[in-house]
Amino acid sequence: MRRLLATVLASATLLISACGGGGGGGGEESFDDESVVIYSGRNKNLLGPLIDKMKTATGVNVQVRYGDSAELAAQLLEEGDRTRADVFFSQDAGALGALAKEGRLTALPQGSLDKVPAKYRAADGTWAGVSGRSRVIVYDPRVLPEQPKSVFELTDPKWSGKVGWAPTNASFQAFVTALRVVQGEEKAKEWLTAMKNNGTKTYPNNVGILNAVDEGQITMGLINHYYWYEKVAEKGAAAVPSKLAFLPGGDPGALVNVAGAGIVKTSKHAANAQKVVDYLLGAEAQKYFADETKEYPLVAGVAVDPGLPALDSLKGPEIDLARLDSLSKTLDLLKEVGLV
Amino acid sequence: MVAQRVRTALRPPPILVGPAVVTAVLALLPLVYLGVRVAEGGPGVVADVVLRPRTFELVAASLGLAATVTALCVVLGVSLAWLVVRTDLPGRRMWSVLAALPLAVPSYVAAYTWVAAFPWLEGFAGSVLVLTLVSYPYVYLPVAAALARLDPGMEDVARSLGRSRFGVVIRQLRPSVAAGGLLVALYVLAEFGAVSIMRFDVFTTVIYTSYRASFDRTPAAVLGGVLVLITLVIMMLEARSRGRAAYASRSGTPRRPTPIPLGAWRGPALAWSGLAAALAVAFPLVSIGYWLLQGSSTRLDPGALGQAAIATLGVSAGGALLTTVLAVPVGILAARYRTRFAAFLEQSTYLVHALPGIVIALAFVFFAVRYAYPLYQRTPLLVLAYAVLFLPAAVGAVRASVMQSPPVLEEVARSLGRRPSAVVRTVTLPLALPGVLAGAALVFLTCMKELPATLMLRPTGMETLATELWTQTGSGAYGAAAPYAALLMVLAAIPGYLLGRRSH
Amino acid sequence: MLVARNITKRFGAVEVLRGVGLTVSDGAFAAVLGPSGCGKTTLLRIVAGFERADSGSVSIGGRSVGDLPPERRKVGIVPQEAALFPHLTVSRNVGYGLPRGSRERIEEMLGLVGLAGFGDRMPHELSGGQQQRVALARALAPGPGVVLLDEPFSALDRGLRSVVRDDVRDVLKRAGATAVLVTHDQEEALSMADEVAVMREGRIVQVGTPAAVYGTPADLRVATFVGEAVVLPASASGGAADCALGRIPVRTGAVAGNGGTSPAAGHVALRPEQFRLGHPGDDRLRGRVERVEFFGHDAVVTVRLPQMPAPVRARTAGEAPYHPGDEVGVHVEGAALFYREG
């Protein structure tokens, strides 16, 4: 019995000390009331180095919670007024729109908003786009020497079972919204149904689609452009036989999505939170996104990666990326077709 | 032999009932949360969500997947347990450790490695393969423990009466097989990561879609409620298959069974055990090695790796300890008292087990910000969430191990003047200790790879091996992910080794 | 002293105990004897406090214990198969009910059961009989008001059983303990106990010394339960009964004896030892030997008599010089038990 008790006590001690170590896992990152807390849907590998630069540049102590954008949005909604978050940095506009609709974001000052073209920020000023990513078709040049020109080519029976998409993915759904707005509900439904009937393969995310094209499983897929660049950086160009097609002529498949940031309404560190957002919209951060993830900087005067077509040259459809009622119509349509 | 009474007619002592009620209340908190969210939507939303044809389609897909995986896990788990515990299989000790190890492989990692290596492997078949390989230890472990404690005398009697030895063993093992199968079935129902990588749509897919695409928590809660109802039905089936069997071994220490010579079956038996270990353990390890060599993102940050390891060990140990402490009173009550209330307390710990982690995590967010704000995004709350997530494994382990010793020992102890609390301390727990510790090790392993609740509830800035793995794979940096995956498996090998060794 | 009064207990629709009373005086060894399912184990569990009676009272040493939990009743239990704590040494098993540091008492108890020096062994290192003696020492150690033995010998080998029985009885007597043995084995009950309570269908149907219960059973069913008997339809009058074996004297003073003058219809019961076998011709009754079972100290010869529907089993002392097929004379010795119809 004594031995049992000793075991229990020992493990309890271990636990407490480990919690101390674990809780302060980031050393100086242990929770303190002065830090600005960012809920980030963007990956730590990507954002981490920028956060370090941000701390130096702004002098603001920043803590980041990384997670999935939509899950963080759900968490923020669940937390309500008692959230510890000051800034929400989302991978896509929809999650920001969801928070704005529930009144969880405060309006950014006009000065900050004006740095970003109007189509890449919230109409009510609650968030601003930080970087842009274009929808593209990734294709396998070994099978398809000519690059595809439009998403409407994908319903051709010769590509039956050879196209991949990710219907649960937020960027894909934004693209479907664009499709609806530009082509009308009927046309959108027709296209989705045709795609489904053509045996289009469902993947959980963009990475899955990209890998499937590189491995020759499928010939084309609908993804965001920067995943391809990330993979080339990780595996080397030789391991990535696929190519990207930026679609011309206002094709819905050329939609530009944004990752963006907003300030949480209940933030107790509004001034510092503002500094964080302004930093993200500043030259240093914008250049970082352009260089590191090959995304499109949204603030004027920052150069795009030379390998990419210019942002202005992308003639994607113009839609309000965060209009949730529109998003919810998209979701209804996807449900109707039986994709989600 | 006269049948043993397995339960006592004594009234459950308050020293057990009090803590067990606390456990049940904690375990049922997510249900309250679902109720709040469903009520927000009203009957219209409920009908709209539940009556969609796709909901039925996906319920069928989930049930089909759960049934198939559970059946395969039973075949794999029981056969390996029997080979390792009862036969002269060469290298039994090694096999017993290897058989427990797959618990350390996060399902999404397993799924990714399989898809990466065999891109044609997808859909139902791929999901079945991966989920069977990562979850058969839920059957293997309790069955191996039960086999090790079964009275081999019973087998001898059966054999002398001309009945097949395996038949008798199976009948005796029914409760542990049923309990393990239940865990597997609920685990599969709650699974999201692996099936989505395998491109197979199941019920959790709609739940995640509801959060991800419409940012609406109400439909997700309604669907969660459907999962809870399905869980209820499955639990009733399990209770029936568990039967009323009294399976206490004799009060004396059972003699060690003589290993059954495999003879000509030695080759096939080795091949079978080897195949399981190769697919479930070696394959992911080799894949991780491949990431390490191939990925240009490969870099080793010993500081981050060490911190993540320490944090993982800390929260997982905390999770295992708290889960076990909460599970002990429930498990003892379930094993020893026939009252409806005791059964309810036990079942309540299983009820939310089929809910995906994100639902449980959001429920904890909901309650913590309202009623336990100082704990919010602090380690203790994360540990508590682990406990609610993984109680069933611990309760099952405690119940099974308590049932293995006859209640007459506790009655004798009582009549010798010891109070119920002292009897629990000096007789019930010491006798059940190996099984209880095995349950704790099982929970420890499961905590180590938990992701959705960890992401939401960990202290801001804390990274565990699982969250680092998620970060690295999320940006396609498989080379950088490899050390975390490898360390996760190495650390898990320790409890895996202890769990496996116990069957000797 | 143990006094149980008017105990009733039902499990759902089944009435297990229907007003059972049992009194065991200080230092006495009582046995509750009954077939399985008669309620005897339930009675024992009620006395120990493992079950609650629906009504009735239990007192031990003059103290009413009906509302006390088992740990406050001062009842010692010796269960089937000993049920030693497998994780504790013999010493710690014996000392389990004693305050810390009762070294001497443990030694004393181990000495009492003849296991001095076995204290450091683990239970699985002991034989079945030794385990049972440790269980007895454990139960006696705290000086209980009553010791309850629940079929304690049923798991032992037959050969071992009588030795352990003697040991247990001897230890209980030397410890001066009040004890109740619950058993379905009539031989065990009759050979060990000072007093036997025969239980059937939730009632105690007869209490008495082993000799009384065996010699003058309360009714025909008790008669056949406490020992082997040949039962024949009979009609009794004037101190004797007429049956297939002729007119046989009926035991006077028998509980169900016949005092009246008018013939009464009923059954006679005869014990195997009442049948004497001899040379055919010497006796009025003759039969043919069907089977001889030799037990060493005695033998049982199965004889078929022409006037009897079923064969008779006769017990003979020593060896029986008969073989199947032999014709033998059968003589009934002593008086028969007679039980009136209904």
# chains A, B, ... in the order shown; residues from 1 in each chain; ligands from 1
>>> residues_around(residues="stretch 56-66 of chain C", least_positions_apart="3", cutoff="9 Å", atoms="only C-alpha atoms", output="PyMOL selection string")
chain C and resi 1-8+19-21+26+46-47+49+52-53+69-70+72-75+145-146
>>> write_last_selection(atoms="N, CA, C and O atoms", output="mmCIF file, in the first residue's frame")
data_model
loop_
_atom_site.group_PDB
_atom_site.id
_atom_site.type_symbol
_atom_site.label_atom_id
_atom_site.label_comp_id
_atom_site.auth_asym_id
_atom_site.auth_seq_id
_atom_site.Cartn_x
_atom_site.Cartn_y
_atom_site.Cartn_z
ATOM 1 N N MET C 1 -23.208 -15.499 21.757
ATOM 2 C CA MET C 1 -24.433 -16.156 21.340
ATOM 3 C C MET C 1 -25.007 -15.467 20.106
ATOM 4 O O MET C 1 -25.021 -14.243 20.012
ATOM 5 N N LEU C 2 -25.414 -16.277 19.143
ATOM 6 C CA LEU C 2 -26.043 -15.748 17.929
ATOM 7 C C LEU C 2 -27.537 -16.046 17.984
ATOM 8 O O LEU C 2 -27.942 -17.181 18.203
ATOM 9 N N VAL C 3 -28.327 -14.993 17.842
ATOM 10 C CA VAL C 3 -29.773 -15.202 17.784
ATOM 11 C C VAL C 3 -30.313 -14.515 16.529
ATOM 12 O O VAL C 3 -30.170 -13.303 16.374
ATOM 13 N N ALA C 4 -30.897 -15.322 15.643
ATOM 14 C CA ALA C 4 -31.580 -14.760 14.480
ATOM 15 C C ALA C 4 -33.054 -15.088 14.639
ATOM 16 O O ALA C 4 -33.408 -16.221 14.965
ATOM 17 N N ARG C 5 -33.891 -14.063 14.451
ATOM 18 C CA ARG C 5 -35.326 -14.291 14.667
ATOM 19 C C ARG C 5 -36.129 -13.912 13.443
ATOM 20 O O ARG C 5 -35.979 -12.810 12.922
ATOM 21 N N ASN C 6 -36.946 -14.847 13.017
ATOM 22 C CA ASN C 6 -37.995 -14.530 12.054
ATOM 23 C C ASN C 6 -37.486 -13.760 10.829
ATOM 24 O O ASN C 6 -38.080 -12.777 10.414
ATOM 25 N N ILE C 7 -36.385 -14.261 10.267
ATOM 26 C CA ILE C 7 -35.779 -13.556 9.126
ATOM 27 C C ILE C 7 -36.545 -13.880 7.842
ATOM 28 O O ILE C 7 -36.785 -15.042 7.532
ATOM 29 N N THR C 8 -36.906 -12.840 7.108
ATOM 30 C CA THR C 8 -37.491 -13.067 5.788
ATOM 31 C C THR C 8 -36.683 -12.300 4.767
ATOM 32 O O THR C 8 -36.075 -11.274 5.071
ATOM 33 N N GLY C 19 -39.140 -16.568 7.310
ATOM 34 C CA GLY C 19 -39.280 -16.569 8.758
ATOM 35 C C GLY C 19 -38.342 -17.568 9.408
ATOM 36 O O GLY C 19 -38.769 -18.533 10.030
ATOM 37 N N VAL C 20 -37.053 -17.335 9.246
ATOM 38 C CA VAL C 20 -36.064 -18.269 9.784
ATOM 39 C C VAL C 20 -35.584 -17.798 11.148
ATOM 40 O O VAL C 20 -35.287 -16.621 11.343
ATOM 41 N N GLY C 21 -35.524 -18.720 12.082
ATOM 42 C CA GLY C 21 -34.951 -18.424 13.388
ATOM 43 C C GLY C 21 -33.796 -19.373 13.643
ATOM 44 O O GLY C 21 -33.828 -20.532 13.214
ATOM 45 N N ASP C 26 -23.241 -19.706 23.212
ATOM 46 C CA ASP C 26 -21.810 -19.416 23.256
ATOM 47 C C ASP C 26 -20.990 -20.688 23.242
ATOM 48 O O ASP C 26 -21.255 -21.629 23.993
ATOM 49 N N ILE C 46 -26.901 -12.726 5.510
ATOM 50 C CA ILE C 46 -27.653 -11.752 6.316
ATOM 51 C C ILE C 46 -27.014 -11.603 7.691
ATOM 52 O O ILE C 46 -26.849 -10.490 8.197
ATOM 53 N N VAL C 47 -26.608 -12.719 8.260
ATOM 54 C CA VAL C 47 -25.945 -12.647 9.578
ATOM 55 C C VAL C 47 -24.651 -11.845 9.460
ATOM 56 O O VAL C 47 -24.325 -11.002 10.294
ATOM 57 N N GLY C 49 -24.019 -9.571 7.300
ATOM 58 C CA GLY C 49 -24.265 -8.182 6.925
ATOM 59 C C GLY C 49 -24.038 -7.913 5.460
ATOM 60 O O GLY C 49 -24.035 -6.765 5.035
ATOM 61 N N ARG C 52 -29.269 -7.514 3.366
ATOM 62 C CA ARG C 52 -30.177 -6.992 4.382
ATOM 63 C C ARG C 52 -31.439 -7.825 4.373
ATOM 64 O O ARG C 52 -32.016 -8.091 3.329
ATOM 65 N N ALA C 53 -31.868 -8.232 5.565
ATOM 66 C CA ALA C 53 -33.110 -8.992 5.660
ATOM 67 C C ALA C 53 -34.284 -8.049 5.408
ATOM 68 O O ALA C 53 -34.201 -6.851 5.687
ATOM 69 N N PRO C 69 -23.159 -2.249 9.550
ATOM 70 C CA PRO C 69 -22.454 -2.757 8.370
ATOM 71 C C PRO C 69 -21.561 -3.945 8.774
ATOM 72 O O PRO C 69 -21.286 -4.131 9.962
ATOM 73 N N PRO C 70 -21.119 -4.740 7.823
ATOM 74 C CA PRO C 70 -20.375 -5.963 8.138
ATOM 75 C C PRO C 70 -19.178 -5.706 9.041
ATOM 76 O O PRO C 70 -18.880 -6.520 9.933
ATOM 77 N N ARG C 72 -18.765 -3.868 11.441
ATOM 78 C CA ARG C 72 -19.005 -3.592 12.859
ATOM 79 C C ARG C 72 -19.748 -4.734 13.540
ATOM 80 O O ARG C 72 -20.250 -4.580 14.644
ATOM 81 N N ARG C 73 -19.829 -5.883 12.878
ATOM 82 C CA ARG C 73 -20.628 -6.967 13.447
ATOM 83 C C ARG C 73 -19.818 -7.964 14.259
ATOM 84 O O ARG C 73 -20.391 -8.802 14.931
ATOM 85 N N LYS C 74 -18.497 -7.930 14.103
ATOM 86 C CA LYS C 74 -17.645 -8.923 14.761
ATOM 87 C C LYS C 74 -18.038 -10.331 14.352
ATOM 88 O O LYS C 74 -18.324 -11.198 15.167
ATOM 89 N N VAL C 75 -18.078 -10.525 13.053
ATOM 90 C CA VAL C 75 -18.377 -11.830 12.491
ATOM 91 C C VAL C 75 -17.145 -12.287 11.726
ATOM 92 O O VAL C 75 -16.580 -11.521 10.953
ATOM 93 N N GLY C 145 -17.545 -12.562 17.512
ATOM 94 C CA GLY C 145 -18.662 -13.076 18.289
ATOM 95 C C GLY C 145 -19.157 -14.396 17.723
ATOM 96 O O GLY C 145 -19.649 -15.253 18.448
ATOM 97 N N VAL C 146 -19.040 -14.550 16.421
ATOM 98 C CA VAL C 146 -19.444 -15.794 15.788
ATOM 99 C C VAL C 146 -18.599 -15.984 14.524
ATOM 100 O O VAL C 146 -18.199 -15.015 13.890
#
>>> closest_atom_pairs(of="stretch 313-333 of chain C", to="stretch 236-252 of chain C", cutoff="10 Å", atoms="only C-alpha atoms", output="JSON lines")
{"residue": "C:Val330", "atom": "CA", "partner": "C:Leu245", "partner_atom": "CA", "distance": 9.6}
{"residue": "C:His331", "atom": "CA", "partner": "C:Leu245", "partner_atom": "CA", "distance": 9.3}
{"residue": "C:Val332", "atom": "CA", "partner": "C:Ile248", "partner_atom": "CA", "distance": 7.9}
{"residue": "C:Glu333", "atom": "CA", "partner": "C:Ile248", "partner_atom": "CA", "distance": 8.9}
>>> closest_atom_pairs(of="chain B", to="chain A", cutoff="7 Å", atoms="only C-alpha atoms", output="CSV")
residue,atom,partner,partner_atom,distance
B:Arg54,CA,A:Gly338,CA,6.8
B:Ser196,CA,A:Pro204,CA,5.3
B:Ile197,CA,A:Pro204,CA,5.8
B:Arg199,CA,A:Tyr203,CA,5.5
B:Val206,CA,A:Val340,CA,6.5
B:Thr209,CA,A:Thr168,CA,6.0
B:Tyr211,CA,A:Ala70,CA,6.4
B:Arg212,CA,A:Ala70,CA,4.8
B:Ala213,CA,A:Ala170,CA,6.2
B:Ser214,CA,A:Ser328,CA,6.1
B:Phe215,CA,A:Ala98,CA,6.4
B:Gly295,CA,A:Lys235,CA,5.7
B:Ser296,CA,A:Glu234,CA,5.0
B:Ser297,CA,A:Glu234,CA,5.5
B:Gln307,CA,A:Gly25,CA,6.0
B:Ile310,CA,A:Gly22,CA,6.4
B:Ala311,CA,A:Gly22,CA,4.0
B:Gly314,CA,A:Ala18,CA,4.4
B:Val315,CA,A:Cys19,CA,6.5
B:Ala317,CA,A:Leu15,CA,6.2
B:Gly318,CA,A:Leu15,CA,5.4
B:Leu362,CA,A:Gln75,CA,6.5
B:Val365,CA,A:Glu79,CA,6.5
B:Phe366,CA,A:Glu78,CA,5.7
B:Val369,CA,A:Glu79,CA,6.1
B:Thr379,CA,A:Gly23,CA,6.4
B:Thr426,CA,A:Met1,CA,6.6
B:Leu455,CA,A:Gly67,CA,6.2
B:Pro459,CA,A:Gly23,CA,6.0
B:Thr460,CA,A:Arg65,CA,5.4
B:Gly461,CA,A:Gly26,CA,5.7
B:Met462,CA,A:Gly25,CA,4.9
B:Glu463,CA,A:Gly25,CA,6.8
B:Thr471,CA,A:Asn43,CA,6.1
B:Gln472,CA,A:Asn45,CA,6.9
B:Gly474,CA,A:Asn43,CA,7.0
B:Ser475,CA,A:Asn43,CA,6.6
B:Gly476,CA,A:Lys231,CA,6.5
B:Ala477,CA,A:Glu234,CA,6.2
>>> select_by_dssp(residues="stretch 15-110 of chain A", states="alpha helix (DSSP H)", output="ChimeraX atom specification")
/A:15-23,44-58,69-79,93-101,110
>>> closest_residue(among="C:Leu88, C:Leu126, C:Val312, C:Ala155", to="chain A", atoms="only C-alpha atoms")
C:Leu88
>>> atom_distance(atom1="atom CA of C:Arg340", atom2="atom CA of C:Gly215")
16.9 Å
>>> select_by_dssp(residues="stretch 192-277 of chain C", states="strand (DSSP E or B)", output="tab-separated table (two decimals) with N, CA and C atoms, in the first residue's frame")
chain	number	residue	atom	x	y	z
C	195	GLU	N	-25.00	-29.12	17.06
C	195	GLU	CA	-26.42	-29.00	16.81
C	195	GLU	C	-26.62	-28.76	15.31
C	196	VAL	N	-27.66	-29.38	14.76
C	196	VAL	CA	-27.89	-29.25	13.33
C	196	VAL	C	-29.27	-28.63	13.09
C	197	ALA	N	-29.31	-27.60	12.25
C	197	ALA	CA	-30.59	-27.03	11.84
C	197	ALA	C	-30.80	-27.42	10.39
C	198	VAL	N	-31.88	-28.14	10.11
C	198	VAL	CA	-32.13	-28.58	8.75
C	198	VAL	C	-33.02	-27.54	8.06
C	199	MET	N	-32.58	-27.11	6.90
C	199	MET	CA	-33.28	-26.03	6.23
C	199	MET	C	-33.81	-26.53	4.90
C	200	ARG	N	-35.02	-26.04	4.58
C	200	ARG	CA	-35.63	-26.44	3.32
C	200	ARG	C	-36.55	-25.33	2.86
C	203	ARG	N	-37.15	-22.34	5.05
C	203	ARG	CA	-37.57	-22.52	6.46
C	203	ARG	C	-36.62	-23.47	7.14
C	204	ILE	N	-36.53	-23.31	8.47
C	204	ILE	CA	-35.81	-24.32	9.24
C	204	ILE	C	-36.84	-25.33	9.70
C	205	VAL	N	-36.65	-26.58	9.28
C	205	VAL	CA	-37.69	-27.56	9.54
C	205	VAL	C	-37.37	-28.43	10.76
C	206	GLN	N	-36.15	-28.47	11.19
C	206	GLN	CA	-35.83	-29.25	12.39
C	206	GLN	C	-34.52	-28.77	12.98
C	207	VAL	N	-34.47	-28.67	14.28
C	207	VAL	CA	-33.23	-28.35	14.97
C	207	VAL	C	-33.00	-29.43	16.01
C	208	GLY	N	-31.79	-29.91	16.10
C	208	GLY	CA	-31.52	-30.93	17.12
C	208	GLY	C	-30.09	-31.38	17.07
C	230	VAL	N	-34.64	-46.38	2.98
C	230	VAL	CA	-35.56	-47.11	2.11
C	230	VAL	C	-36.95	-46.70	2.56
C	231	VAL	N	-37.73	-46.16	1.64
C	231	VAL	CA	-39.06	-45.66	2.00
C	231	VAL	C	-40.11	-46.55	1.36
C	232	LEU	N	-41.06	-47.01	2.21
C	232	LEU	CA	-42.11	-47.90	1.70
C	232	LEU	C	-43.47	-47.41	2.18
C	233	PRO	N	-44.48	-47.54	1.34
C	233	PRO	CA	-45.83	-47.25	1.80
C	233	PRO	C	-46.19	-48.22	2.93
C	234	ALA	N	-46.88	-47.75	3.95
C	234	ALA	CA	-47.18	-48.60	5.09
C	234	ALA	C	-48.47	-48.16	5.77
C	235	SER	N	-48.99	-49.04	6.58
C	235	SER	CA	-50.14	-48.68	7.39
C	235	SER	C	-49.80	-49.09	8.82
C	236	ALA	N	-49.92	-48.13	9.73
C	236	ALA	CA	-49.44	-48.38	11.09
C	236	ALA	C	-50.59	-48.49	12.06
C	237	SER	N	-50.43	-49.38	13.01
C	237	SER	CA	-51.36	-49.46	14.12
C	237	SER	C	-50.69	-50.20	15.25
C	240	ALA	N	-46.72	-50.75	15.43
C	240	ALA	CA	-46.03	-51.41	14.33
C	240	ALA	C	-46.69	-51.02	13.02
C	241	ALA	N	-45.94	-51.24	11.93
C	241	ALA	CA	-46.48	-50.86	10.63
C	241	ALA	C	-46.40	-52.04	9.69
C	242	ASP	N	-47.42	-52.13	8.81
C	242	ASP	CA	-47.42	-53.18	7.79
C	242	ASP	C	-46.96	-52.58	6.48
C	243	CYS	N	-45.95	-53.26	5.90
C	243	CYS	CA	-45.46	-52.78	4.62
C	243	CYS	C	-45.01	-53.97	3.81
C	246	GLY	N	-43.31	-56.69	5.47
C	246	GLY	CA	-43.99	-57.33	6.60
C	246	GLY	C	-44.30	-56.31	7.67
C	247	ARG	N	-44.55	-56.83	8.88
C	247	ARG	CA	-44.88	-55.94	9.98
C	247	ARG	C	-43.61	-55.58	10.73
C	248	ILE	N	-43.37	-54.28	10.83
C	248	ILE	CA	-42.12	-53.79	11.44
C	248	ILE	C	-42.48	-52.88	12.60
C	249	PRO	N	-41.81	-53.03	13.72
C	249	PRO	CA	-42.11	-52.12	14.84
C	249	PRO	C	-41.76	-50.68	14.47
C	250	VAL	N	-42.57	-49.79	14.97
C	250	VAL	CA	-42.36	-48.37	14.69
C	250	VAL	C	-41.72	-47.75	15.91
C	264	ALA	N	-53.22	-46.12	10.57
C	264	ALA	CA	-52.96	-44.87	9.85
C	264	ALA	C	-52.14	-45.19	8.61
C	265	ALA	N	-52.51	-44.56	7.48
C	265	ALA	CA	-51.77	-44.77	6.24
C	265	ALA	C	-50.58	-43.82	6.20
C	266	GLY	N	-49.45	-44.28	5.66
C	266	GLY	CA	-48.26	-43.41	5.60
C	266	GLY	C	-47.09	-44.16	5.00
C	267	HIS	N	-45.87	-43.76	5.42
C	267	HIS	CA	-44.66	-44.42	4.92
C	267	HIS	C	-43.76	-44.80	6.08
C	268	VAL	N	-43.05	-45.89	5.90
C	268	VAL	CA	-41.97	-46.18	6.84
C	268	VAL	C	-40.66	-45.86	6.14
C	269	ALA	N	-39.66	-45.47	6.93
C	269	ALA	CA	-38.32	-45.24	6.41
C	269	ALA	C	-37.34	-46.10	7.19
C	270	LEU	N	-36.47	-46.80	6.49
C	270	LEU	CA	-35.47	-47.66	7.13
C	270	LEU	C	-34.09	-47.25	6.65
C	275	PHE	N	-30.71	-53.06	7.77
C	275	PHE	CA	-30.86	-54.32	7.04
C	275	PHE	C	-29.67	-55.22	7.36
C	276	ARG	N	-29.98	-56.44	7.91
C	276	ARG	CA	-28.93	-57.43	8.15
C	276	ARG	C	-29.05	-58.50	7.09
C	277	LEU	N	-27.93	-58.86	6.52
C	277	LEU	CA	-27.96	-59.91	5.51
C	277	LEU	C	-27.50	-61.22	6.14
>>> interface_residues(of="chain C", to="chain B", cutoff="8 Å", atoms="only C-alpha atoms", output="list in words")
Ala48, Phe50, Glu51, Pro70, Glu71, Arg72, Arg73, Lys74, Val75, Gly76, Ile77, Val78, Pro79, Glu81, Ala82, Ala83, Leu84, Phe85, Pro86, His87, Tyr96, Gly97, Pro123, His124, Ala139, Pro142 and Ala155 of chain C
>>> write_last_selection(atoms="N, CA and C atoms", output="compact mmCIF listing (two decimals), in the first residue's frame")
# COMPACT_ATOMS: atom_id res chain seq x y z
N ALA C 48 -23.91 -12.07 8.34
CA ALA C 48 -22.64 -11.38 8.18
C ALA C 48 -22.82 -9.91 7.81
N PHE C 50 -23.86 -8.98 4.65
CA PHE C 50 -23.66 -8.78 3.21
C PHE C 50 -25.00 -8.61 2.49
N GLU C 51 -26.07 -9.07 3.13
CA GLU C 51 -27.41 -8.83 2.60
C GLU C 51 -28.23 -8.25 3.73
N PRO C 70 -21.12 -4.74 7.82
CA PRO C 70 -20.37 -5.96 8.14
C PRO C 70 -19.18 -5.71 9.04
N GLU C 71 -18.51 -4.57 8.83
CA GLU C 71 -17.27 -4.35 9.58
C GLU C 71 -17.50 -4.09 11.06
N ARG C 72 -18.77 -3.87 11.44
CA ARG C 72 -19.00 -3.59 12.86
C ARG C 72 -19.75 -4.73 13.54
N ARG C 73 -19.83 -5.88 12.88
CA ARG C 73 -20.63 -6.97 13.45
C ARG C 73 -19.82 -7.96 14.26
N LYS C 74 -18.50 -7.93 14.10
CA LYS C 74 -17.65 -8.92 14.76
C LYS C 74 -18.04 -10.33 14.35
N VAL C 75 -18.08 -10.53 13.05
CA VAL C 75 -18.38 -11.83 12.49
C VAL C 75 -17.15 -12.29 11.73
N GLY C 76 -16.73 -13.52 11.97
CA GLY C 76 -15.61 -14.06 11.21
C GLY C 76 -16.15 -14.92 10.08
N ILE C 77 -15.52 -14.82 8.91
CA ILE C 77 -16.01 -15.57 7.75
C ILE C 77 -14.92 -16.52 7.26
N VAL C 78 -15.29 -17.77 7.06
CA VAL C 78 -14.40 -18.71 6.38
C VAL C 78 -15.14 -19.15 5.12
N PRO C 79 -14.80 -18.52 3.99
CA PRO C 79 -15.58 -18.81 2.78
C PRO C 79 -15.11 -20.08 2.08
N GLU C 81 -13.28 -22.20 -0.58
CA GLU C 81 -11.97 -22.05 -1.22
C GLU C 81 -11.09 -21.04 -0.49
N ALA C 82 -11.31 -20.89 0.81
CA ALA C 82 -10.45 -20.08 1.68
C ALA C 82 -10.48 -18.58 1.37
N ALA C 83 -10.38 -18.21 0.08
CA ALA C 83 -10.38 -16.81 -0.30
C ALA C 83 -9.37 -16.00 0.50
N LEU C 84 -8.14 -16.47 0.52
CA LEU C 84 -7.08 -15.67 1.15
C LEU C 84 -6.76 -14.50 0.23
N PHE C 85 -6.27 -13.40 0.82
CA PHE C 85 -5.85 -12.26 0.00
C PHE C 85 -4.58 -12.68 -0.73
N PRO C 86 -4.65 -12.83 -2.05
CA PRO C 86 -3.52 -13.42 -2.75
C PRO C 86 -2.27 -12.54 -2.76
N HIS C 87 -2.45 -11.25 -2.47
CA HIS C 87 -1.31 -10.34 -2.54
C HIS C 87 -0.64 -10.16 -1.19
N TYR C 96 -4.92 -9.27 9.11
CA TYR C 96 -5.68 -8.24 8.40
C TYR C 96 -6.72 -7.57 9.28
N GLY C 97 -7.34 -8.36 10.14
CA GLY C 97 -8.39 -7.79 10.99
C GLY C 97 -7.88 -7.30 12.33
N PRO C 123 -0.02 -17.13 -0.15
CA PRO C 123 -1.12 -18.11 -0.19
C PRO C 123 -0.96 -19.19 -1.25
N HIS C 124 -0.47 -18.81 -2.45
CA HIS C 124 -0.42 -19.84 -3.49
C HIS C 124 0.64 -20.89 -3.22
N ALA C 139 -10.04 -15.58 10.40
CA ALA C 139 -11.37 -15.27 10.91
C ALA C 139 -11.39 -15.21 12.43
N PRO C 142 -9.40 -11.73 15.24
CA PRO C 142 -9.94 -10.58 15.98
C PRO C 142 -10.89 -10.98 17.11
N ALA C 155 -14.30 -27.46 -1.71
CA ALA C 155 -13.31 -27.42 -2.78
C ALA C 155 -12.13 -28.36 -2.50
>>> residues_around(residues="B:Ala269", least_positions_apart="5", cutoff="9 Å", atoms="only C-alpha atoms", output="list in words")
Leu80, Leu83, Leu89, Leu262 and Gly274 of chain B
>>> residues_around(residues="C:Ala223", least_positions_apart="6", cutoff="8 Å", atoms="only C-alpha atoms", output="list in words")
Tyr214, Thr216, Pro217, Ala229 and Ala269 of chain C
